[in-house]
>>> print(open('work.tsv').read())   # TSV, C-alpha atoms
chain	number	residue	atom	x	y	z
A	1	MET	CA	-9.36	-30.69	41.84
A	2	LYS	CA	-9.99	-32.97	38.86
A	3	ASN	CA	-12.84	-30.74	37.65
A	4	GLY	CA	-10.61	-27.66	37.94
A	5	MET	CA	-7.85	-29.30	35.89
A	6	LEU	CA	-10.34	-30.47	33.28
A	7	GLY	CA	-11.83	-26.97	33.06
A	8	LEU	CA	-8.37	-25.46	32.65
A	9	GLY	CA	-7.53	-27.97	29.94
A	10	LEU	CA	-10.74	-27.20	28.06
A	11	ALA	CA	-10.13	-23.44	28.32
A	12	LEU	CA	-6.60	-23.82	26.96
A	13	ALA	CA	-7.74	-26.03	24.10
A	14	MET	CA	-10.52	-23.67	23.07
A	15	SER	CA	-8.39	-20.50	23.32
A	16	GLY	CA	-6.61	-21.41	20.07
A	17	CYS	CA	-9.86	-21.53	18.09
A	18	MET	CA	-10.90	-18.53	16.02
A	19	SER	CA	-13.91	-18.11	13.81
A	20	ALA	CA	-13.59	-17.37	10.08
A	21	GLY	CA	-14.70	-13.79	10.77
A	22	GLN	CA	-11.97	-13.32	13.37
A	23	HIS	CA	-9.31	-14.65	10.96
A	24	LYS	CA	-10.63	-12.35	8.21
A	25	ALA	CA	-10.46	-9.32	10.49
A	26	ALA	CA	-6.89	-10.22	11.45
A	27	VAL	CA	-5.64	-10.17	7.84
A	28	ARG	CA	-7.81	-7.39	6.41
A	29	ASP	CA	-6.02	-4.32	5.05
A	30	ASP	CA	-8.09	-1.25	5.90
A	31	THR	CA	-5.68	1.53	5.04
A	32	ALA	CA	-7.19	5.00	5.12
A	33	ASP	CA	-6.01	6.05	1.65
A	34	LYS	CA	-8.29	3.76	-0.35
A	35	LEU	CA	-10.50	5.21	-3.06
A	36	THR	CA	-14.07	4.90	-1.77
A	37	VAL	CA	-17.53	6.18	-2.65
A	38	GLY	CA	-17.44	8.24	0.54
A	39	THR	CA	-14.23	9.95	-0.53
A	40	VAL	CA	-15.75	10.86	-3.90
A	41	GLN	CA	-18.97	12.12	-2.30
A	42	ARG	CA	-17.17	14.17	0.38
A	43	GLU	CA	-14.21	15.55	-1.53
A	44	ILE	CA	-14.93	15.96	-5.25
A	45	ARG	CA	-16.68	19.18	-6.23
A	46	VAL	CA	-17.52	20.96	-9.48
A	47	GLY	CA	-14.91	23.66	-10.12
A	48	MET	CA	-11.95	21.76	-8.64
A	49	SER	CA	-8.69	21.79	-10.56
A	50	GLY	CA	-7.03	18.63	-11.84
A	51	ALA	CA	-4.28	19.04	-9.24
A	52	GLN	CA	-6.88	19.09	-6.43
A	53	VAL	CA	-8.53	15.96	-7.81
A	54	ILE	CA	-5.17	14.17	-7.93
A	55	GLN	CA	-4.47	15.23	-4.36
A	56	VAL	CA	-7.71	13.57	-3.23
A	57	LEU	CA	-7.97	10.52	-5.52
A	58	GLY	CA	-4.48	10.03	-6.89
A	59	SER	CA	-3.64	9.55	-10.54
A	60	PRO	CA	-6.42	8.33	-12.84
A	61	ASN	CA	-6.28	4.98	-14.63
A	62	ILE	CA	-7.39	6.45	-17.96
A	63	VAL	CA	-7.18	9.99	-19.37
A	64	THR	CA	-9.12	10.62	-22.56
A	65	THR	CA	-11.11	13.40	-24.25
A	66	ASP	CA	-14.78	13.82	-25.08
A	67	GLU	CA	-16.31	14.91	-28.40
A	68	ASN	CA	-15.35	18.55	-27.65
A	69	ARG	CA	-11.71	17.67	-26.85
A	70	ARG	CA	-12.20	18.24	-23.09
A	71	GLU	CA	-10.38	15.91	-20.70
A	72	VAL	CA	-12.17	13.02	-19.06
A	73	TRP	CA	-10.49	11.09	-16.26
A	74	VAL	CA	-11.52	7.56	-15.32
A	75	TYR	CA	-10.65	5.84	-12.04
A	76	ASP	CA	-11.40	2.13	-12.19
A	77	LYS	CA	-10.69	0.16	-9.02
A	78	ILE	CA	-11.32	-3.54	-8.52
A	79	SER	CA	-10.74	-5.27	-5.21
A	80	THR	CA	-10.88	-9.00	-4.56
A	81	GLU	CA	-10.66	-10.19	-1.00
A	82	THR	CA	-10.21	-13.83	-0.09
A	83	ALA	CA	-10.03	-15.09	3.46
A	84	TYR	CA	-9.44	-18.66	4.49
A	85	SER	CA	-9.75	-19.72	8.07
A	86	THR	CA	-9.01	-23.00	9.71
A	87	SER	CA	-9.07	-23.96	13.32
A	88	SER	CA	-8.46	-27.22	15.05
A	89	GLY	CA	-8.44	-28.20	18.64
A	90	GLY	CA	-8.45	-31.23	20.72
A	91	VAL	CA	-9.01	-32.41	24.22
A	92	ALA	CA	-7.45	-35.56	25.55
A	93	ALA	CA	-8.37	-36.94	28.91
A	94	LEU	CA	-6.96	-39.71	30.97
A	95	ILE	CA	-9.34	-41.05	33.54
A	96	LEU	CA	-7.75	-43.23	36.17
A	97	ALA	CA	-9.95	-45.83	37.78
A	98	GLY	CA	-9.67	-45.89	41.57
A	99	ALA	CA	-9.23	-49.68	41.85
A	100	ALA	CA	-7.16	-50.18	38.73
A	101	PRO	CA	-3.55	-51.31	38.97
A	102	VAL	CA	-0.80	-48.82	38.18
A	103	GLY	CA	-0.96	-47.85	34.54
A	104	GLY	CA	-4.57	-48.98	34.28
A	105	GLY	CA	-7.55	-46.81	33.57
A	106	ALA	CA	-9.37	-45.45	30.61
A	107	GLY	CA	-8.24	-42.86	28.12
A	108	GLY	CA	-10.32	-40.81	25.77
A	109	GLY	CA	-9.89	-38.02	23.31
A	110	MET	CA	-11.83	-35.62	21.24
A	111	GLU	CA	-10.42	-33.66	18.34
A	112	GLY	CA	-12.07	-31.48	15.77
A	113	SER	CA	-11.30	-29.03	13.04
A	114	ALA	CA	-13.25	-26.53	10.99
A	115	GLY	CA	-12.49	-24.33	8.03
A	116	ALA	CA	-14.14	-21.69	5.90
A	117	THR	CA	-13.31	-19.64	2.80
A	118	SER	CA	-14.84	-16.29	1.98
A	119	ARG	CA	-14.36	-14.31	-1.24
A	120	SER	CA	-15.81	-10.94	-2.16
A	121	GLN	CA	-15.25	-8.50	-4.99
A	122	ARG	CA	-15.85	-4.77	-5.16
A	123	THR	CA	-15.63	-2.42	-8.10
A	124	LEU	CA	-15.65	1.38	-8.15
A	125	THR	CA	-15.58	3.41	-11.35
A	126	VAL	CA	-15.33	7.21	-11.13
A	127	VAL	CA	-15.62	9.41	-14.22
A	128	ILE	CA	-14.57	13.06	-13.92
A	129	LYS	CA	-15.25	15.47	-16.79
A	130	PHE	CA	-13.34	18.74	-17.12
A	131	ASP	CA	-14.37	21.98	-18.83
A	132	ASP	CA	-12.32	24.15	-21.18
A	133	GLN	CA	-10.62	25.87	-18.20
A	134	LYS	CA	-9.46	22.47	-16.87
A	135	ALA	CA	-11.87	22.56	-13.91
A	136	VAL	CA	-14.26	19.76	-12.93
A	137	ARG	CA	-17.57	20.32	-14.74
A	138	ASP	CA	-19.23	17.01	-13.84
A	139	PHE	CA	-18.48	13.68	-12.16
A	140	SER	CA	-20.20	10.35	-11.67
A	141	TYR	CA	-19.44	7.03	-10.00
A	142	ARG	CA	-20.65	3.45	-9.91
A	143	TYR	CA	-20.04	1.03	-7.07
A	144	SER	CA	-20.82	-2.68	-6.93
A	145	SER	CA	-20.07	-5.40	-4.43
A	146	PHE	CA	-20.58	-9.12	-4.85
>>> encode(input="work.tsv", output="structure tokens")
Amino acid sequence: MKNGMLGLGLALAMSGCMSAGQHKAAVRDDTADKLTVGTVQREIRVGMSGAQVIQVLGSPNIVTTDENRREVWVYDKISTETAYSTSSGGVAALILAGAAPVGGGAGGGMEGSAGATSRSQRTLTVVIKFDDQKAVRDFSYRYSSF
């Protein structure tokens, strides 16, 4: 009986503990409409109109022209993700001695805590060049993660 109660107490105490990775996954925002390298590779094609590009990638950060006065769109996305995780738990036990008077016995406890911080940054720059007919003539991208 005592072993069963101790096991139940340990299980309850440990159930509140999560790893840093589990905390990070719980707060991560993975919405489907993010600008990604995969989206650029799958969706952007030479010959697309500006309206089609906007439908896929949204509005550009910068619109400029090249040396021939043709439009160039730049998408520049920077993402910083910080996750902090902390967990603490404790187990307290009261061991009653068989021959001890009422209120006697030995008590013990164990408590611990842990924490972690994780930070990562990602950048994605997409450059889309248009021709004289306002259609995509070329595009490039650069992705980094650190």
>>> residues_around(input="work.tsv", residues="A:Tyr141", least_positions_apart="4", cutoff="7 Å", atoms="only C-alpha atoms", output="list in words")
Thr125, Val126 and Val127 of chain A
>>> closest_residue(input="work.tsv", among="A:Ser59, A:Ser79, A:Thr86, A:Ala135", to="A:Arg122", atoms="only C-alpha atoms")
A:Ser79
>>> atom_distance(input="work.tsv", atom1="atom CA of A:Thr65", atom2="atom CA of A:Tyr143")
23.0 Å
>>> atom_distance(input="work.tsv", atom1="atom CA of A:Asp138", atom2="atom CA of A:Arg70")
11.7 Å
>>> closest_residue(input="work.tsv", among="A:Ser85, A:Thr80, A:Asn61, A:Gln41", to="A:Phe146", atoms="only C-alpha atoms")
A:Thr80
>>> atom_distance(input="work.tsv", atom1="atom CA of A:Ser144", atom2="atom CA of A:Leu124")
6.7 Å
>>> closest_residue(input="work.tsv", among="A:Ile128, A:Ala116, A:Val53, A:Val40", to="A:Val74", atoms="only C-alpha atoms")
A:Ile128
>>> closest_residue(input="work.tsv", among="A:Glu67, A:Ser118, A:Val56, A:Val72", to="A:Thr39", atoms="only C-alpha atoms")
A:Val56
>>> residues_around(input="work.tsv", residues="A:Gly58", least_positions_apart="4", cutoff="10 Å", atoms="all atoms listed in the file", output="PyMOL selection string")
chain A and resi 33-35+51-54+75
>>> closest_residue(input="work.tsv", among="A:Thr117, A:Ser49, A:Ser88, A:Thr36", to="A:Lys134", atoms="only C-alpha atoms")
A:Ser49
>>> closest_residue(input="work.tsv", among="A:Val136, A:Ile44, A:Val37, A:Ala83", to="A:Glu71", atoms="only C-alpha atoms")
A:Val136
>>> decode(input="work.tsv", residues="stretch 30-54 of chain A", atoms="N, CA and C atoms", output="tab-separated table (two decimals), in the first residue's frame")
chain	number	residue	atom	x	y	z
A	30	ASP	N	2.96	28.22	-35.91
A	30	ASP	CA	3.23	27.64	-37.23
A	30	ASP	C	2.05	27.85	-38.15
A	31	THR	N	1.68	29.08	-38.39
A	31	THR	CA	0.58	29.36	-39.30
A	31	THR	C	0.99	29.03	-40.72
A	32	ALA	N	0.02	28.60	-41.51
A	32	ALA	CA	0.30	28.11	-42.85
A	32	ALA	C	0.61	29.22	-43.85
A	33	ASP	N	0.34	30.48	-43.53
A	33	ASP	CA	0.51	31.54	-44.51
A	33	ASP	C	1.87	32.24	-44.41
A	34	LYS	N	2.85	31.63	-43.82
A	34	LYS	CA	4.17	32.24	-43.73
A	34	LYS	C	4.88	32.16	-45.07
A	35	LEU	N	5.71	33.16	-45.34
A	35	LEU	CA	6.55	33.16	-46.52
A	35	LEU	C	7.72	32.21	-46.26
A	36	THR	N	7.85	31.18	-47.07
A	36	THR	CA	8.91	30.19	-46.91
A	36	THR	C	9.61	29.94	-48.23
A	37	VAL	N	10.79	29.33	-48.16
A	37	VAL	CA	11.52	28.94	-49.35
A	37	VAL	C	10.67	27.97	-50.18
A	38	GLY	N	10.00	27.05	-49.51
A	38	GLY	CA	9.15	26.09	-50.22
A	38	GLY	C	8.04	26.77	-51.01
A	39	THR	N	7.44	27.80	-50.44
A	39	THR	CA	6.39	28.54	-51.15
A	39	THR	C	6.96	29.19	-52.40
A	40	VAL	N	8.13	29.81	-52.29
A	40	VAL	CA	8.76	30.44	-53.45
A	40	VAL	C	9.08	29.40	-54.51
A	41	GLN	N	9.67	28.28	-54.10
A	41	GLN	CA	10.04	27.24	-55.05
A	41	GLN	C	8.83	26.62	-55.75
A	42	ARG	N	7.76	26.40	-55.01
A	42	ARG	CA	6.57	25.74	-55.57
A	42	ARG	C	5.70	26.67	-56.40
A	43	GLU	N	5.57	27.93	-55.97
A	43	GLU	CA	4.52	28.79	-56.51
A	43	GLU	C	4.98	29.85	-57.51
A	44	ILE	N	6.19	30.36	-57.38
A	44	ILE	CA	6.62	31.47	-58.23
A	44	ILE	C	7.19	30.92	-59.53
A	45	ARG	N	6.71	31.45	-60.63
A	45	ARG	CA	7.13	31.01	-61.97
A	45	ARG	C	7.37	32.21	-62.87
A	46	VAL	N	8.30	32.07	-63.80
A	46	VAL	CA	8.54	33.09	-64.81
A	46	VAL	C	7.25	33.22	-65.63
A	47	GLY	N	6.86	34.47	-65.91
A	47	GLY	CA	5.66	34.74	-66.68
A	47	GLY	C	4.44	35.10	-65.83
A	48	MET	N	4.53	34.93	-64.51
A	48	MET	CA	3.42	35.29	-63.63
A	48	MET	C	3.22	36.80	-63.64
A	49	SER	N	2.00	37.22	-63.42
A	49	SER	CA	1.71	38.65	-63.28
A	49	SER	C	2.00	39.09	-61.85
A	50	GLY	N	2.09	40.40	-61.65
A	50	GLY	CA	2.29	40.94	-60.32
A	50	GLY	C	1.15	40.57	-59.37
A	51	ALA	N	-0.08	40.57	-59.90
A	51	ALA	CA	-1.24	40.20	-59.08
A	51	ALA	C	-1.14	38.76	-58.61
A	52	GLN	N	-0.65	37.86	-59.45
A	52	GLN	CA	-0.49	36.46	-59.04
A	52	GLN	C	0.59	36.32	-57.97
A	53	VAL	N	1.66	37.09	-58.12
A	53	VAL	CA	2.73	37.05	-57.12
A	53	VAL	C	2.20	37.54	-55.77
A	54	ILE	N	1.44	38.62	-55.78
A	54	ILE	CA	0.87	39.15	-54.54
A	54	ILE	C	-0.09	38.15	-53.91
